[in-house]
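Taking it in order: structure first as structure tokens, then the write-up.
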Amino acid sequence: MIFRKSITARFIATVFVVLLAGQILGTVLFILNTRASLFDSLGARIRRISAIAAGVSEGPLLSYDYSLLDTYLAEIINDEEITSVRVLDSTGDMLKERTKTGPVGREGFNPVFIKKTLAMKTPVMSAGQKIGEVVIEYNAFKINKDMSKSMLVISLYQLALLICVAFVMILLFRRNITNPVLSINRAIEKITSGDLSTPVPDIGESEIGVIAKGVVFLEERLSMIIGKLNSTAVNVSMATKQVDQTYTNVIEGITTQVDSVNDIIRSIENATKSQADLGDSTEKLLSFSAENVASLFEMKETSEEIASNTERLFKATENSYSVVLQMNQTAKAISDNAGKASSAVEDTSASVEEVGASIREVEENARKSSGLAEKVQEITSGEGMMSVVNAVEGMDNISEEVRKSADIIQKLGIRSVDIEKVLSVIKDVAEQTNLLSLNAAILAAQAGEYGKSFSVVADEIRGLSERTSSSTREIGGIVKTIQKDIKDAVYTIDSAQGKVVEGNSLVMKVGEALREILNASIQSTEMTKAIERATEEQSVGLKQITLAVDDIRKMMSSVAKSTKEQDNALAYLLEGTGEVKEVAELSKRSSLEQAEGTKLISRNIELADERINYINEAILNQKELNNSILSAMAQISTTGTSTRRDMEDVSVSLKTLIQEIEALKQGMEVFKIK
Amino acid sequence: MQKFTIFKIGDEIFGIGIESVVEILKVQKIFTIPGLPEFLSGVMSVRGNIVPVIDLRRRFGIKPSGNKERIIIVRYGQEKISFLVDDIKEILSLSPEQIRTPPSIFKGFKTEYLTGLGKHGERIIILLNIDSLLTSEEKIILRESIGLLEEKGAGAGKATQ
């Protein structure tokens with residue numbers, strides 16, 4: 001198969017056949033020509049021998065002495081080619097004959113052209129008259145034999161010569177054509193398999209040399225393009241890795257941000273819980289103080305009742321006094337009035353007892369109130385303040401974290417600008433690659449059969465560059481989304497910061513309010529103490545009143561007794577009534593004082609209530625703000641999560657891009673370049 | 001099978017036989033020189049050689065898409081000239097069955113501008129006969145202009161040396 005395909009073998013075989021045919025034709029012509037001339041010379045020789053024989057025969061024919069003729073004929077018959085010789089007389093009778101005995105020799109090669117036996121007749125002339133005839137018969141066996149021999153020898157020589165020529169031709173072919181072509185072929189095979197560093201042998205200016213130069217040129221152009229592609233691929237790979245690194249940083253940043261936001265949310269939730277506790281305490285305090293106020297009102301009313309009773313008593317006493325002055329005229333009226341007074345005293349006594357009960361109640365309430373105030377103090381100075389401190393700390397944390405988030409997002413923005421720059425580099429590189437691959441495809445198409453394998457590579461590279469382009473566009477879109485998200489996040493964070501500042505000031509206000517509550521509750525404690533003192537005083541006063549009322553009752557009974565002995569006891573009655581007046585005045589004064597004190601307490605409690613309501617309001621405001629901060633934070637967290645998702649998308653796209661570039665690089669690794 | 005370099009002008013798809021294409025380039029700076037004929041947009045320098053530029057969009061009266069611009073350098077007889085087009089897409093092989101003789105006027109292009117219409121999938125590709133793009137008069141002017149420019153270029157080269 002290989003032999004049949006080889007141009008050399010075909011060429012040499014053709015030359016060989018042509019030469020062989022020529023040689024055969026030449027040999028045949030030569031043989032024919034040589035044999036003709038040999039035949040001619042044989043004819044001439046036989047003619048000469050015949051002429052000599054005729055000359056020699058003349059004498060014997062005339063003298064009839066044939067002895068000499070015999071000898072001569074024997075001599076003639078010795079000739080190799082002559083088979084017989086006869087001498088005939090003029091009538092044709094045979095005078096002498098000599099014939100060759102033994103084998104005449106085999107017939108040689110190709111006897112067709114020559115008769116087997118030839119005869120030559122020569123007349124014997126004497127004085128112009130034919131006196132006899134010499135007939136010589138001969139054959140051409142020797143010529144044929146010689147010819148056969150020489151033909152064989154010539155054929156052998158020519159065969160040897162042809163073999164030599166063929167050998168020399170093969171050597172020349174191998175040196176001048178087959179070897180250079182094979183070396184170019186080897187180079188092309190290596191180039192096709194991708195080894196572009198293969199040296200192409202330099203083969204002079206011959207036709208094969210021109211092909212070699214063409215291959216060198218093709219190899220150089222391919223090397224150049226592959227080199228450019230390689231460096232492009234490395235650039236793209238580096239750029240993409242940078243982008244990937246940037247994105248890893250960005251994702252880390254976002255994760256930190258989301259964590260920070262979650263911390264903030266936890267802090268805010270803690271603060272909200274503390275505030276809710278404070279609110280509960282305040283509510284409790286408020287309900288207690290309401291109870292207090294109710295008790296105080298009751299007490300005030302009782303005191304006022306006492307005061308009015310005392311007033312009535314006082315008036316009754318005054319009346320009694322004036323009546324006593326007119327005792328004489330109106331003893332009956334006195335008795336009536338005494339009865340009235342007595343019932344008033346009874347009333348007063350009952351009222352006093354009521355007052356006593358009220359005072360005990362007040363005492364109880366004051367104690368309770370004191371306990372509550374202490375509890376409020378405890379709560380405000382302990383839990384409350386702690387809550388405020390926690391809230392302030394939480395707010396500070398929030399503020400810090402929000403600032404951090406803002407920083408991270410700012411960085412993110414800068415990173416995304418970096419990414420945009422890198423993307424534009426990648427876009428340029430991809431475009432350049434696309435152009436290179438198109439040019440390579442054109443070169444490959446123009447190189448025809450040799451460029452076929454390279455055109456596949458060029459196509460592959462073009463596909464890769466297009467995919468890179470589309471990936472880059474996709475990433476660009478995602479980066480735009482991220483930038484928008486970042487803008488949203490920055491806006492959200494700004495509003496969150498505003499809310500944090502608002503929250504901070506509210507917390508401060510809560511702190512102030514708490515301090516005021518503390519002050520109020522301290523005041524309230526003091527008031528309660530004052531109430532306690534006042535009630536103690538009232539108790540003392542009441543005892544005095546009770547004693548006085550008892551005295552009055554006693555006096556009244558004595559008055560009642562004395563009315564019967566009016567005359568005797570008039571002076572005594574006057575005295576007694578004066579004392580009653582004094583005691584009643586005292587009682588009235590202390591009742592008024594008590595009412596005054598109660599009013600003060602009630603005012604203080606109202607003040608405390610107002611404060612507590614203010615605190616409650618502040619706490620509600622705070623709660624609302626916390627809720628809005630929480631929602632802002634949740635928004636930040638959502639934005640962060642969506643940004644992270646976007647980033648992860650970008651990361652996936654980048655991974656794909658890197659894979660594609662790696663594939664491109666692997667595709668390129670097939671090529672070795674000088 | 002015949003290979004074509006496929007490019008776009010506006011929404012139309014064109015093809016030029018690959019054998020006449022030398023190179024594809026990004027758009028470079030195009031110089032306008034006073035006295036240049038109307039059908040030339042200018043000249044540009046490609047690796048030291050001066051190549052005249054023909055804006056095919058202007059030539060065909062098609063609005064540029066505006067996204068991209070590319071240069072195709074082609075052999076034009078002995079010379080090289082370049083065409084300004086919108087975008088170069090790919091190298092495409094078309095079998096003789098895919099190539100049809102165009103109607104006398106296709107989308108306003110004279111038949112003499114076309115060697116045929118290639119059908120590749122849904123796309124109709126206008127195969128340009130770049131030889132008939134210019135009138136014989138324009139060809140003469142082009143050759144003269146190139147001669148003149150080369151002289152100028154050579155003169156300028158000497159002057160700078």
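The way I read the labels, and the way they are meant: chains A, B, ... in the order of the structure tokens, residue 1 as the first residue of every chain, and ligand 1 as the first ligand shown, with later ones counted on from there.
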
What are the residues of chain A that have an atom within 7 Å of an atom of chain B, counting only C-alpha atoms, as a list in words? Leu435, Leu438, Asn439, Ala441, Ile442 and Gln446 of chain A

Same residues, C-alpha atoms, saved as an mmCIF file, in the first residue's frame:
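This is the output file part.cif:
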```cif
data_model
loop_
_atom_site.group_PDB
_atom_site.id
_atom_site.type_symbol
_atom_site.label_atom_id
_atom_site.label_comp_id
_atom_site.auth_asym_id
_atom_site.auth_seq_id
_atom_site.Cartn_x
_atom_site.Cartn_y
_atom_site.Cartn_z
ATOM 1 C CA LEU A 435 -10.952 39.534 16.668
ATOM 2 C CA LEU A 438 -11.739 35.619 13.507
ATOM 3 C CA ASN A 439 -8.375 36.510 11.949
ATOM 4 C CA ALA A 441 -10.125 31.486 11.271
ATOM 5 C CA ILE A 442 -9.517 33.534 8.090
ATOM 6 C CA GLN A 446 -6.894 30.481 3.519
#
```

Need to verify the contact set: region 75-88 of chain A, 9 Å, only C-alpha atoms, exclusion of same-chain residues closer than 4 positions in sequence. Can you return it as a VMD selection string? chain A and resid 42 46 49 53 to 54 57 70 to 71 92 to 101 104 117 131 to 142

Quick one: write out the picked residues with C-alpha atoms as a PDB file, in the first residue's frame?
```
ATOM      1  CA  LEU A  42      28.908 -14.990 -44.765  1.00  0.00           C
ATOM      2  CA  ILE A  46      30.960 -18.209 -49.520  1.00  0.00           C
ATOM      3  CA  ILE A  49      35.285 -19.475 -51.693  1.00  0.00           C
ATOM      4  CA  ALA A  53      36.751 -23.091 -56.170  1.00  0.00           C
ATOM      5  CA  ALA A  54      35.550 -22.294 -59.696  1.00  0.00           C
ATOM      6  CA  SER A  57      38.252 -26.348 -60.907  1.00  0.00           C
ATOM      7  CA  ASP A  70      39.701 -33.609 -54.268  1.00  0.00           C
ATOM      8  CA  THR A  71      42.280 -32.093 -51.969  1.00  0.00           C
ATOM      9  CA  GLY A  92      25.184 -31.144 -65.006  1.00  0.00           C
ATOM     10  CA  ASP A  93      26.646 -34.469 -64.164  1.00  0.00           C
ATOM     11  CA  MET A  94      28.348 -34.652 -60.878  1.00  0.00           C
ATOM     12  CA  LEU A  95      32.011 -35.012 -61.067  1.00  0.00           C
ATOM     13  CA  LYS A  96      33.014 -34.649 -57.464  1.00  0.00           C
ATOM     14  CA  GLU A  97      31.088 -34.245 -54.206  1.00  0.00           C
ATOM     15  CA  ARG A  98      32.101 -33.677 -50.644  1.00  0.00           C
ATOM     16  CA  THR A  99      29.552 -33.664 -47.836  1.00  0.00           C
ATOM     17  CA  LYS A 100      30.145 -32.891 -44.132  1.00  0.00           C
ATOM     18  CA  THR A 101      29.766 -35.948 -42.079  1.00  0.00           C
ATOM     19  CA  VAL A 104      25.740 -30.342 -38.541  1.00  0.00           C
ATOM     20  CA  THR A 117      20.281 -24.613 -46.051  1.00  0.00           C
ATOM     21  CA  ILE A 131      32.602 -25.858 -68.724  1.00  0.00           C
ATOM     22  CA  GLY A 132      31.153 -26.807 -65.378  1.00  0.00           C
ATOM     23  CA  GLU A 133      29.611 -25.577 -62.193  1.00  0.00           C
ATOM     24  CA  VAL A 134      30.566 -25.472 -58.509  1.00  0.00           C
ATOM     25  CA  VAL A 135      27.679 -25.787 -56.031  1.00  0.00           C
ATOM     26  CA  ILE A 136      28.354 -25.010 -52.396  1.00  0.00           C
ATOM     27  CA  GLU A 137      25.664 -25.622 -49.788  1.00  0.00           C
ATOM     28  CA  TYR A 138      25.981 -23.870 -46.436  1.00  0.00           C
ATOM     29  CA  ASN A 139      23.867 -22.964 -43.410  1.00  0.00           C
ATOM     30  CA  ALA A 140      23.621 -20.059 -40.905  1.00  0.00           C
ATOM     31  CA  PHE A 141      23.498 -22.141 -37.715  1.00  0.00           C
ATOM     32  CA  LYS A 142      26.620 -20.544 -36.330  1.00  0.00           C
TER      33      LYS A 142
END
```

Polymer residues at most 9 Å from region 38-44 of chain B, only C-alpha atoms, same-chain spacing of 6 or more positions, as a PDB file with C-alpha atoms, in the first residue's frame:
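Output file out_11.pdb is given in full below:
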```
ATOM      1  CA  GLN B  28      -8.640  52.957  14.164  1.00  0.00           C
ATOM      2  CA  LYS B  29      -8.179  56.644  13.642  1.00  0.00           C
ATOM      3  CA  ILE B  30      -9.420  57.595  10.181  1.00  0.00           C
ATOM      4  CA  PHE B  31      -7.675  60.581   8.646  1.00  0.00           C
ATOM      5  CA  THR B  32      -9.460  62.805   6.206  1.00  0.00           C
ATOM      6  CA  ILE B  50      -1.859  53.608   4.131  1.00  0.00           C
ATOM      7  CA  VAL B  51      -5.217  51.974   3.402  1.00  0.00           C
ATOM      8  CA  PRO B  52      -8.222  53.881   2.036  1.00  0.00           C
ATOM      9  CA  VAL B  53     -11.484  53.483   3.978  1.00  0.00           C
ATOM     10  CA  ILE B  54     -14.926  53.077   2.398  1.00  0.00           C
ATOM     11  CA  ASP B  55     -17.878  53.362   4.779  1.00  0.00           C
ATOM     12  CA  ARG B  58     -22.861  55.263   3.799  1.00  0.00           C
ATOM     13  CA  ARG B  59     -22.341  53.484   0.500  1.00  0.00           C
ATOM     14  CA  SER B  82     -10.846  48.643   3.939  1.00  0.00           C
ATOM     15  CA  LEU B 134     -17.020  50.837  -7.307  1.00  0.00           C
ATOM     16  CA  GLU B 138     -14.160  55.386  -9.155  1.00  0.00           C
ATOM     17  CA  LEU B 142      -9.034  55.162  -6.237  1.00  0.00           C
TER      18      LEU B 142
END
```

DSSP on the backbone: what in region 117-148 of chain B comes out helix (DSSP H, G or I), as a ChimeraX atom specification? /B:130-132,136-148

I need the residues from that last selection saved to file as a compact mmCIF listing (two decimals), in the first residue's frame (with C-alpha atoms), if you can.
```txt
# COMPACT_ATOMS: atom_id res chain seq x y z
CA ILE B 130 -16.71 43.67 -3.97
CA ASP B 131 -15.33 44.07 -7.45
CA SER B 132 -18.47 45.85 -8.65
CA SER B 136 -14.83 51.91 -13.20
CA GLU B 137 -14.42 55.65 -12.93
CA GLU B 138 -14.16 55.39 -9.15
CA LYS B 139 -11.67 52.56 -9.53
CA ILE B 140 -9.42 54.77 -11.58
CA ILE B 141 -9.77 57.62 -9.06
CA LEU B 142 -9.03 55.16 -6.24
CA ARG B 143 -5.88 53.88 -7.93
CA GLU B 144 -4.72 57.45 -8.56
CA SER B 145 -5.48 58.45 -4.99
CA ILE B 146 -3.56 55.47 -3.61
CA GLY B 147 -0.62 56.33 -5.85
CA LEU B 148 -0.73 59.93 -4.68
```

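Remark: for Asn249 (chain A), the closest of the candidate residues A:Ser471, A:Ser416, A:Thr272, A:Asn621 is A:Ser416 (distances computed over only C-alpha atoms).
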
Would you kindly return, as a PDB file with N, CA and C atoms, in the first residue's frame, each protein, DNA or RNA residue with an atom no farther than 7 Å from any atom of Leu114 (chain B), considering only C-alpha atoms and excluding same-chain residues fewer than 5 positions away?
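What follows is the written file out_30.pdb:
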```pdb
ATOM      1  N   ILE B 126     -26.471  38.469   2.280  1.00  0.00           N
ATOM      2  CA  ILE B 126     -26.230  39.147   1.008  1.00  0.00           C
ATOM      3  C   ILE B 126     -24.755  38.988   0.675  1.00  0.00           C
ATOM      4  N   LEU B 127     -24.460  38.197  -0.370  1.00  0.00           N
ATOM      5  CA  LEU B 127     -23.059  37.944  -0.706  1.00  0.00           C
ATOM      6  C   LEU B 127     -22.599  39.044  -1.667  1.00  0.00           C
ATOM      7  N   LEU B 128     -21.622  39.823  -1.199  1.00  0.00           N
ATOM      8  CA  LEU B 128     -21.226  41.018  -1.943  1.00  0.00           C
ATOM      9  C   LEU B 128     -20.216  40.685  -3.025  1.00  0.00           C
ATOM     10  N   ASN B 129     -20.379  41.321  -4.153  1.00  0.00           N
ATOM     11  CA  ASN B 129     -19.367  41.265  -5.197  1.00  0.00           C
ATOM     12  C   ASN B 129     -18.548  42.537  -5.048  1.00  0.00           C
TER      13      ASN B 129
END
```

Would you compute the distance between CA of Val18 (chain A) and CA of Val165 (chain A)? Give it in Å to one decimal.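 Separating CA of Val18 (chain A) from CA of Val165 (chain A) is a distance of 12.7 Å.
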